[in-house]
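What follows is one structure encoded as structure tokens, with my remarks underneath.
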Amino acid sequence: MQYTHLGRSGLKVSRLCLGTMNFGPQTEEGSAHSIMDSAQESGINFFDTANVYGGAERRGWTEEIIGRWFAKGGERRERTVLATKLYGTMTDRPNESRLSALNIRRALDASLKRLQTDYIDVYQFHHVDRDTPWDEIWQAIEVAVQQGKILYSGSSNFGGWHIAQAQEAAGRRHYNGLVSEQSIYNLLTRNVELEVIPAAQHYGLGLIPWSPLHGGLLGGVLKKEREGVRRAGGRALETLKTHQDQIRQYEDLADELGHEPGDLALAWLLHQPAVTAPIVGPRTQDQLDAAIRSLDVALDDDALKRLDAIFPGHRTAPEDYAW
């Protein structure tokens, strides 16, 4: 396994992050525990979750599954860099969502209880809260750090401007602020290249891409359809119709290079600036094994240029659209 620092921090994390959103709704608890054991055995030490994971009717379920896995002992918690998130609505009470000081305190304590641990390594804001001042947010986080309940802070789904706001406010308080940003980023969705990645690089944040295979569309969807293994549906089907020619060219390139399409998509992300660890969310052991293969894929300049030709990216704003 390869490791790197999370942004400018001294924290070392694996180049793949285990996403747990499927644990509970898609993957039953026993299988989820086996996948987490296997991930650790392979060297993955970075696990990501959120307080709302588990489904609309059972928010917190995923954290509970992870907590019972930690409770098995065997240094499972000690070997894990644990990241969770808050922001989403947990109940219909008015202060059970977003980033008020009150919700930060309550949501953090609730996550700690579900996860059966006394601290969170990376506590992430699941979305920007435009209605709560950053001084209020950082004061609440500083208290949690002083209490030993969290070690680092991260963001998710922030724009470049939001990262700048957060870091400038933290700087005025002589606080470290954010060490990571979790954004959607893959060959099909490259908007973060405009401003989020430049902001992350400027402020020293590690980028943690979610949906690295774009819901499976970069995982060989056309090949699987031909083999009768899987058919795209819903929003994925509409996206496939729009980008079918690109995806076909991409799958042909993967075949030419001798790699599975999903391995190629993950390897491409690992070659991008500021990327710390793509989040892989396996439902099965086979999917985890496939993700780990991507660490052995080396892409030369020609392969990277050919991928850019199929899926054009962005230059840094404003040069992307202005002089």
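Labels used: A, B, ... for chains in the order of the structure tokens, numbers from 1 for residues in each chain, and numbers from 1 for ligands as shown.
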
Sort by chain and increasing residue number a table of all residues of stretch 188-233 of chain A within 12 Å of stretch 280-299 of chain A, each with its closest pair of atoms and their distance in Å to one decimal, counting only C-alpha atoms, and write it as a Markdown table.
| residue | atom | partner | partner_atom | distance |
| --- | --- | --- | --- | --- |
| A:Ile208 | CA | A:Val280 | CA | 10.3 |
| A:Pro209 | CA | A:Val280 | CA | 9.1 |
| A:Trp210 | CA | A:Val280 | CA | 7.6 |
| A:Ser211 | CA | A:Val280 | CA | 7.6 |
| A:Pro212 | CA | A:Val280 | CA | 7.3 |
| A:Leu213 | CA | A:Val280 | CA | 8.7 |
| A:His214 | CA | A:Val280 | CA | 11.0 |
| A:Gly215 | CA | A:Gly281 | CA | 10.1 |
| A:Gly216 | CA | A:Gly281 | CA | 10.8 |
| A:Gly219 | CA | A:Ala290 | CA | 10.1 |

message = Env of A:Ile137: 7 Å cut, atoms = only C-alpha atoms, seq-sep filter 5 positions within chain, self excluded. Answer as a ChimeraX atom specification.
response = /A:99-101

ask   = Hey, what's within 8 Å of A:Pro261 if we count only C-alpha atoms and toss same-chain stuff fewer than 3 positions away? As JSON, numbers by chain, please?
value = {"A": [218, 219, 220, 250, 251, 254, 255, 264, 265]}

Write to file, as a PDB file, in the first residue's frame, the residues of the selection just made, with N, CA, C and O atoms.
ATOM      1  N   LEU A 218     -17.726   4.560 -15.410  1.00  0.00           N
ATOM      2  CA  LEU A 218     -16.324   4.437 -15.823  1.00  0.00           C
ATOM      3  C   LEU A 218     -15.745   3.079 -15.432  1.00  0.00           C
ATOM      4  O   LEU A 218     -14.537   2.873 -15.516  1.00  0.00           O
ATOM      5  N   GLY A 219     -16.604   2.182 -15.011  1.00  0.00           N
ATOM      6  CA  GLY A 219     -16.158   0.865 -14.579  1.00  0.00           C
ATOM      7  C   GLY A 219     -16.392  -0.228 -15.605  1.00  0.00           C
ATOM      8  O   GLY A 219     -16.472  -1.413 -15.255  1.00  0.00           O
ATOM      9  N   GLY A 220     -16.533   0.159 -16.873  1.00  0.00           N
ATOM     10  CA  GLY A 220     -16.756  -0.835 -17.925  1.00  0.00           C
ATOM     11  C   GLY A 220     -18.216  -1.119 -18.164  1.00  0.00           C
ATOM     12  O   GLY A 220     -18.586  -2.261 -18.452  1.00  0.00           O
ATOM     13  N   TYR A 250     -13.153   5.308 -24.328  1.00  0.00           N
ATOM     14  CA  TYR A 250     -12.426   5.092 -23.071  1.00  0.00           C
ATOM     15  C   TYR A 250     -12.236   3.600 -22.795  1.00  0.00           C
ATOM     16  O   TYR A 250     -11.129   3.158 -22.444  1.00  0.00           O
ATOM     17  N   GLU A 251     -13.287   2.828 -22.970  1.00  0.00           N
ATOM     18  CA  GLU A 251     -13.170   1.388 -22.737  1.00  0.00           C
ATOM     19  C   GLU A 251     -12.234   0.741 -23.749  1.00  0.00           C
ATOM     20  O   GLU A 251     -11.477  -0.186 -23.410  1.00  0.00           O
ATOM     21  N   ALA A 254      -8.725   1.512 -22.534  1.00  0.00           N
ATOM     22  CA  ALA A 254      -8.383   0.650 -21.402  1.00  0.00           C
ATOM     23  C   ALA A 254      -7.974  -0.737 -21.892  1.00  0.00           C
ATOM     24  O   ALA A 254      -6.980  -1.319 -21.423  1.00  0.00           O
ATOM     25  N   ASP A 255      -8.725  -1.257 -22.856  1.00  0.00           N
ATOM     26  CA  ASP A 255      -8.402  -2.565 -23.419  1.00  0.00           C
ATOM     27  C   ASP A 255      -7.039  -2.539 -24.118  1.00  0.00           C
ATOM     28  O   ASP A 255      -6.229  -3.462 -23.972  1.00  0.00           O
ATOM     29  N   LEU A 264      -8.324   1.945 -14.618  1.00  0.00           N
ATOM     30  CA  LEU A 264      -7.799   3.098 -15.345  1.00  0.00           C
ATOM     31  C   LEU A 264      -8.350   4.400 -14.765  1.00  0.00           C
ATOM     32  O   LEU A 264      -7.603   5.385 -14.605  1.00  0.00           O
ATOM     33  N   ALA A 265      -9.641   4.437 -14.435  1.00  0.00           N
ATOM     34  CA  ALA A 265     -10.253   5.653 -13.886  1.00  0.00           C
ATOM     35  C   ALA A 265      -9.638   6.026 -12.536  1.00  0.00           C
ATOM     36  O   ALA A 265      -9.365   7.207 -12.269  1.00  0.00           O
TER      37      ALA A 265
END

key: Nearest-residue call for A:Gly73, choices A:Thr117, A:Gln165, A:Ser9, A:Thr20, using only C-alpha atoms   = A:Thr117

key: Using only C-alpha atoms: which of A:Leu188, A:Leu253, A:Leu222, A:Leu207 has the shortest distance to A:His314   = A:Leu188

task = Using only C-alpha atoms, find the one residue out of A:Arg106, A:His33, A:Lys85, A:His162 that sits nearest to A:Phe70.
result = A:His33

request  = Any chance you could list, as number ranges by chain, the residues in stretch 98-302 of chain A that come up helix (DSSP H, G or I) when DSSP is run on the backbone?
outcome  = A: 101-115, 134-146, 160-172, 191-193, 196-203, 221-226, 234-257, 261-270, 285-296, 301-302

ask   = Do you know which residues are at most 9 Å from stretch 170-177 of chain A counting only C-alpha atoms, after dropping those on the same chain fewer than 3 positions away, and could you put them as a PyMOL selection string?
value = chain A and resi 134-135+138-139+142+152-154+165-167

Let me see the file: selected residues, N, CA, C and O atoms, as a PDB file, in the first residue's frame.
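The resulting file, result_27.pdb, is reproduced below:
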ATOM      1  N   TRP A 134     -18.396  31.761  10.030  1.00  0.00           N
ATOM      2  CA  TRP A 134     -17.238  30.891  10.216  1.00  0.00           C
ATOM      3  C   TRP A 134     -16.635  31.024  11.605  1.00  0.00           C
ATOM      4  O   TRP A 134     -16.109  30.044  12.145  1.00  0.00           O
ATOM      5  N   ASP A 135     -16.735  32.188  12.216  1.00  0.00           N
ATOM      6  CA  ASP A 135     -16.207  32.305  13.581  1.00  0.00           C
ATOM      7  C   ASP A 135     -16.964  31.394  14.545  1.00  0.00           C
ATOM      8  O   ASP A 135     -16.373  30.822  15.468  1.00  0.00           O
ATOM      9  N   TRP A 138     -15.744  27.723  13.677  1.00  0.00           N
ATOM     10  CA  TRP A 138     -14.388  27.426  14.153  1.00  0.00           C
ATOM     11  C   TRP A 138     -14.296  27.433  15.672  1.00  0.00           C
ATOM     12  O   TRP A 138     -13.545  26.647  16.256  1.00  0.00           O
ATOM     13  N   GLN A 139     -15.061  28.283  16.331  1.00  0.00           N
ATOM     14  CA  GLN A 139     -15.041  28.260  17.795  1.00  0.00           C
ATOM     15  C   GLN A 139     -15.529  26.912  18.322  1.00  0.00           C
ATOM     16  O   GLN A 139     -14.925  26.339  19.248  1.00  0.00           O
ATOM     17  N   GLU A 142     -12.810  24.336  17.631  1.00  0.00           N
ATOM     18  CA  GLU A 142     -11.675  24.506  18.540  1.00  0.00           C
ATOM     19  C   GLU A 142     -11.974  23.900  19.907  1.00  0.00           C
ATOM     20  O   GLU A 142     -11.104  23.275  20.524  1.00  0.00           O
ATOM     21  N   TYR A 152      -8.588  16.720  13.327  1.00  0.00           N
ATOM     22  CA  TYR A 152      -8.485  17.531  12.121  1.00  0.00           C
ATOM     23  C   TYR A 152      -9.886  17.856  11.604  1.00  0.00           C
ATOM     24  O   TYR A 152     -10.848  17.149  11.911  1.00  0.00           O
ATOM     25  N   SER A 153      -9.952  18.913  10.770  1.00  0.00           N
ATOM     26  CA  SER A 153     -11.216  19.309  10.154  1.00  0.00           C
ATOM     27  C   SER A 153     -11.100  19.225   8.639  1.00  0.00           C
ATOM     28  O   SER A 153     -10.052  19.524   8.076  1.00  0.00           O
ATOM     29  N   GLY A 154     -12.200  18.832   8.011  1.00  0.00           N
ATOM     30  CA  GLY A 154     -12.230  18.770   6.556  1.00  0.00           C
ATOM     31  C   GLY A 154     -13.559  19.284   6.031  1.00  0.00           C
ATOM     32  O   GLY A 154     -14.525  19.437   6.782  1.00  0.00           O
ATOM     33  N   GLN A 165     -12.928  31.284   2.156  1.00  0.00           N
ATOM     34  CA  GLN A 165     -13.607  31.870   3.313  1.00  0.00           C
ATOM     35  C   GLN A 165     -13.224  31.146   4.598  1.00  0.00           C
ATOM     36  O   GLN A 165     -12.899  31.766   5.612  1.00  0.00           O
ATOM     37  N   ALA A 166     -13.299  29.813   4.545  1.00  0.00           N
ATOM     38  CA  ALA A 166     -13.009  29.009   5.733  1.00  0.00           C
ATOM     39  C   ALA A 166     -11.576  29.211   6.203  1.00  0.00           C
ATOM     40  O   ALA A 166     -11.316  29.396   7.408  1.00  0.00           O
ATOM     41  N   GLN A 167     -10.639  29.181   5.278  1.00  0.00           N
ATOM     42  CA  GLN A 167      -9.237  29.269   5.661  1.00  0.00           C
ATOM     43  C   GLN A 167      -8.844  30.664   6.118  1.00  0.00           C
ATOM     44  O   GLN A 167      -8.021  30.807   7.033  1.00  0.00           O
TER      45      GLN A 167
END

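When DSSP reads the backbone of this structure, the residues of stretch 58-211 of chain A it assigns to strand (DSSP E) are Val81, Leu82, Ala83, Thr84, Lys85, Leu86, Ile120, Asp121, Val122, Tyr123, Gln124, Phe125, Ile150, Leu151, Tyr152, Ser153, Gly154, Ser155, Ser156, Leu178, Val179, Ser180, Glu181, Gln182, Gly206 and Leu207 of chain A.
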
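Every protein, DNA or RNA residue with an atom at most 6 Å from A:Glu64, where only C-alpha atoms count and chain neighbours fewer than 3 positions away do not, is listed here: Trp61, Gly67, Arg114 and Leu115 of chain A.
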
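Nearest residue to A:Ser180 among A:Leu269, A:Ile65, A:Ile279, A:Leu6 is A:Leu6, counting only C-alpha atoms.
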